[in-house]
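Student: I'd like to ask some things about the structure below.
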Amino acid sequence: MTLPKLVIITGPTAAGKTALSLKLAKKFTGEIISADSRQIYTQMDIGTAKATKKELKNVPHHLIDVRTPDKDYTLAQFKRDAIKTIKQIQKRGRVPFLVGGTALYINALVSNLEIPEVKPNKKLRKKLEKLSLNELYKKLVSLDPEAAYIIDPKNPRRIIRALEITASGKLYSQTRKKGPQLFDMLVLGINAPGAKLKRNIERRVDIQIKNGLVKEVKNLIKRYGKKPQAFDAIGYREVIAYLEKKITFKEAIAQIKKNTWYFAKRQNTWFRKLPINWINNQGQAEKMLAKFIRQ
RNA sequence: GGGCGGUUCGUAUAGCGGCAAUUACUCCAGACUGUAAAUCUGGCGGCCAUCGGCCUUCGGGGGUUCGAGUCCCUCACCGCCCA
């Protein structure tokens, strides 16, 4: 049995995924599925470095602008939505390109993670968030000792999720499963040396500011307040801090650059685990793609 | 020429006789299954390593001391002040 084909393009933030994927998708009659946890949201355009309206129209795009910022979106939803759209694209006889930097999202498809069917329980979370780390951990030890062994005892968010799962009658320690491989995949990673990436990041942030990031954030706050999870994102967080007069404009810009850089570093630890074919230029990518599609 | 202050890990800083040596930033590495651009962790003289152990370090040289980044002498460089 042959699996349907899926092309994946990833790489650190600001490496040029958008530009490359547009060209490749055009050339190989593809459609793009975004694997980006913030481009999901409408009105968050500048700060998430979305492709322009024109570009979005030029090649069919999916999973961009599918939620307003006040609505949460999760890994499980992404996995479902992504699989569904990939299948639709394949049915149309076109090539699906999964493109983005949210490595967990990509990994959910690559490794076919079976995400436990336990929805976020806001009430419970709020209650648990009031407990100290120690109390949380003790609770976990008594409810699911095996999970306590696996989970970082200093990471409250992880512990809370595990407790959330136990609250629904399941055990976190039994849920970390992988399903069978879903697709025949070609994973391309854009190789960007540190110095170059750093330059790209700085340039991009400057452009985002020039293009009106502050105004974008102001508008978002006006409509949705400062609370939405979606605003827990680089660029938005810092501008909000600036608007609240907690930091200066200059500091905000510097922090955006720095935090973006840290983010890129963090992405790297994921990339080391994914089966990535690193490419240095478009030509290389095209060659691999042509071969992959022919197979 | 004289007086004072300084020279410690990439940078900045602590240390005023028991120290492989503080803190901050940078940097490096890692975890990650319904918040993931989130959340969290570790390392930062070298070598081995389980607690731990061994070696080489605080501008250069010399000295005092059981023991010196810490005290003394001297040289070099930097800074400020008086000539």
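By order of appearance in the structure tokens: chains A, B, ..., then residues from 1 within every chain, and ligands from 1 in the order shown.
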When DSSP works through the backbone of this structure, what residues of region 121-246 of chain A end up as strand (DSSP E or B), shown as a PyMOL selection string?
Tutor: chain A and resi 177-178+184-190
Student: Please, could you write that set of residues out with N, CA and C atoms as a PDB file, in the first residue's frame?
Tutor:
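This went into result.pdb:
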```pdb
ATOM      1  N   LYS A 177       0.941   8.188  22.872  1.00  0.00           N
ATOM      2  CA  LYS A 177       1.050   7.150  21.849  1.00  0.00           C
ATOM      3  C   LYS A 177       1.229   7.740  20.470  1.00  0.00           C
ATOM      4  N   LYS A 178       1.796   6.919  19.621  1.00  0.00           N
ATOM      5  CA  LYS A 178       1.941   7.302  18.226  1.00  0.00           C
ATOM      6  C   LYS A 178       1.189   6.313  17.372  1.00  0.00           C
ATOM      7  N   ASP A 184       3.376   9.580   3.021  1.00  0.00           N
ATOM      8  CA  ASP A 184       4.705   9.458   2.463  1.00  0.00           C
ATOM      9  C   ASP A 184       5.247  10.888   2.437  1.00  0.00           C
ATOM     10  N   MET A 185       6.233  11.154   3.285  1.00  0.00           N
ATOM     11  CA  MET A 185       6.594  12.558   3.500  1.00  0.00           C
ATOM     12  C   MET A 185       7.988  12.910   3.007  1.00  0.00           C
ATOM     13  N   LEU A 186       8.078  14.125   2.517  1.00  0.00           N
ATOM     14  CA  LEU A 186       9.391  14.705   2.246  1.00  0.00           C
ATOM     15  C   LEU A 186       9.484  15.945   3.126  1.00  0.00           C
ATOM     16  N   VAL A 187      10.392  15.925   4.060  1.00  0.00           N
ATOM     17  CA  VAL A 187      10.523  17.065   4.961  1.00  0.00           C
ATOM     18  C   VAL A 187      11.731  17.894   4.555  1.00  0.00           C
ATOM     19  N   LEU A 188      11.469  19.112   4.140  1.00  0.00           N
ATOM     20  CA  LEU A 188      12.547  20.018   3.761  1.00  0.00           C
ATOM     21  C   LEU A 188      12.732  21.069   4.843  1.00  0.00           C
ATOM     22  N   GLY A 189      13.961  21.290   5.219  1.00  0.00           N
ATOM     23  CA  GLY A 189      14.252  22.329   6.205  1.00  0.00           C
ATOM     24  C   GLY A 189      15.132  23.380   5.569  1.00  0.00           C
ATOM     25  N   ILE A 190      14.792  24.629   5.790  1.00  0.00           N
ATOM     26  CA  ILE A 190      15.610  25.689   5.217  1.00  0.00           C
ATOM     27  C   ILE A 190      16.797  25.946   6.125  1.00  0.00           C
TER      28      ILE A 190
END
```
Student: Please check the contacts: residues of chain B at most 7 Å away from chain A, using only C-alpha atoms (C1' of nucleotides), listed as a PDB file with N, CA and C atoms (P, O5', C5', C4', C3', O3' and C1' of nucleotides), in the first residue's frame.
Tutor:
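File produced: part_11.pdb:
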```pdb
ATOM      1  P     U B  33       4.187  16.926  26.193  1.00  0.00           P
ATOM      2  O5'   U B  33       3.609  16.422  24.803  1.00  0.00           O
ATOM      3  C5'   U B  33       3.197  17.358  23.839  1.00  0.00           C
ATOM      4  C4'   U B  33       1.882  16.904  23.274  1.00  0.00           C
ATOM      5  C3'   U B  33       0.860  16.505  24.326  1.00  0.00           C
ATOM      6  O3'   U B  33      -0.403  17.023  23.977  1.00  0.00           O
ATOM      7  C1'   U B  33       1.261  14.697  22.877  1.00  0.00           C
ATOM      8  P     G B  34      -1.271  17.740  25.111  1.00  0.00           P
ATOM      9  O5'   G B  34      -2.479  18.270  24.217  1.00  0.00           O
ATOM     10  C5'   G B  34      -2.254  19.236  23.216  1.00  0.00           C
ATOM     11  C4'   G B  34      -3.400  20.180  23.258  1.00  0.00           C
ATOM     12  C3'   G B  34      -3.887  20.517  24.662  1.00  0.00           C
ATOM     13  O3'   G B  34      -4.247  21.864  24.650  1.00  0.00           O
ATOM     14  C1'   G B  34      -5.643  19.590  23.425  1.00  0.00           C
ATOM     15  P     U B  35      -3.775  22.821  25.744  1.00  0.00           P
ATOM     16  O5'   U B  35      -2.944  23.926  24.946  1.00  0.00           O
ATOM     17  C5'   U B  35      -3.595  24.718  23.967  1.00  0.00           C
ATOM     18  C4'   U B  35      -2.928  26.086  23.983  1.00  0.00           C
ATOM     19  C3'   U B  35      -1.418  25.999  23.720  1.00  0.00           C
ATOM     20  O3'   U B  35      -1.023  27.055  22.868  1.00  0.00           O
ATOM     21  C1'   U B  35      -1.825  27.003  25.826  1.00  0.00           C
ATOM     22  P     A B  36      -0.854  26.996  21.388  1.00  0.00           P
ATOM     23  O5'   A B  36       0.719  26.843  21.173  1.00  0.00           O
ATOM     24  C5'   A B  36       1.573  27.983  21.267  1.00  0.00           C
ATOM     25  C4'   A B  36       2.997  27.521  21.139  1.00  0.00           C
ATOM     26  C3'   A B  36       3.245  26.735  19.860  1.00  0.00           C
ATOM     27  O3'   A B  36       4.580  26.944  19.444  1.00  0.00           O
ATOM     28  C1'   A B  36       3.726  25.396  21.712  1.00  0.00           C
ATOM     29  P     A B  37       4.807  27.893  18.261  1.00  0.00           P
ATOM     30  O5'   A B  37       5.377  29.274  18.794  1.00  0.00           O
ATOM     31  C5'   A B  37       6.696  29.313  19.359  1.00  0.00           C
ATOM     32  C4'   A B  37       6.850  30.679  19.973  1.00  0.00           C
ATOM     33  C3'   A B  37       5.677  30.999  20.895  1.00  0.00           C
ATOM     34  O3'   A B  37       6.005  31.206  22.225  1.00  0.00           O
ATOM     35  C1'   A B  37       5.681  32.437  18.961  1.00  0.00           C
ATOM     36  P     U B  39       5.173  31.788  28.324  1.00  0.00           P
ATOM     37  O5'   U B  39       5.361  30.357  29.000  1.00  0.00           O
ATOM     38  C5'   U B  39       4.331  29.830  29.818  1.00  0.00           C
ATOM     39  C4'   U B  39       4.663  28.413  30.189  1.00  0.00           C
ATOM     40  C3'   U B  39       6.016  28.220  30.840  1.00  0.00           C
ATOM     41  O3'   U B  39       6.005  28.603  32.205  1.00  0.00           O
ATOM     42  C1'   U B  39       5.678  26.531  29.235  1.00  0.00           C
ATOM     43  P     C B  40       7.287  29.226  32.874  1.00  0.00           P
ATOM     44  O5'   C B  40       8.301  27.985  32.868  1.00  0.00           O
ATOM     45  C5'   C B  40       8.105  26.939  33.791  1.00  0.00           C
ATOM     46  C4'   C B  40       8.943  25.754  33.409  1.00  0.00           C
ATOM     47  C3'   C B  40      10.456  25.880  33.564  1.00  0.00           C
ATOM     48  O3'   C B  40      10.855  25.889  34.914  1.00  0.00           O
ATOM     49  C1'   C B  40       9.946  24.668  31.610  1.00  0.00           C
TER      50        C B  40
END
```
Student: For Arg237 (chain A), which residue out of A:Gln255, A:Lys222, A:Ala148, A:Lys87 is the nearest one, using only C-alpha atoms?
Tutor: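 So, comparing all the options, the nearest one is A:Gln255.
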Student: Taking the DSSP assignment computed from this structure's backbone, write out as a ChimeraX atom specification all residues of region 193-277 of chain A that belong to alpha helix (DSSP H).
Tutor: /A:194-210,213-224,236-243,249-271
Student: Could you check how far C1' of G6 (chain B) sits from C1' of C81 (chain B), in Å to one decimal?
Tutor: 14.5 Å
Student: List the spatial neighbours of Arg92 (chain A) as a ChimeraX atom specification - criterion: any atom at most 12 Å away, only C-alpha atoms (C1' of nucleotides), same-chain residues fewer than 4 positions off excluded.
Tutor: /A:29-31,85-88,96
Student: List as a PyMOL selection string the protein and nucleic acid residues near region 126-131 of chain A, meaning an atom at most 10 Å away when only C-alpha atoms (C1' of nucleotides) are counted, but skip any in the same chain fewer than 3 places from it.
Tutor: chain A and resi 121-123+134-137+156-157+159-161+163-164
Student: For a quick check of understanding, using only C-alpha atoms, which of A:Leu182, A:Leu24, A:Ile106, A:Leu6 has the smallest distance to Lys287 (chain A)?
Tutor: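 Closest to Lys287 (chain A), using only C-alpha atoms: A:Leu24.
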Student: When you draw a straight line from C1' of C71 (chain B) to C1' of C55 (chain B), how long is it in Å?
Tutor: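 Interatomic distance here is 26.6 Å.
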Student: With distances taken over only C-alpha atoms, which of A:Ile279, A:Val95, A:Ala49, A:Val66 is nearest to Ala25 (chain A)?
Tutor: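 Closest candidate: A:Val95.
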Student: What is the CA of Thr68 (chain A) to CA of Met44 (chain A) distance in Å?
Tutor: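 Interatomic distance, CA of Thr68 (chain A) to CA of Met44 (chain A): 9.0 Å.
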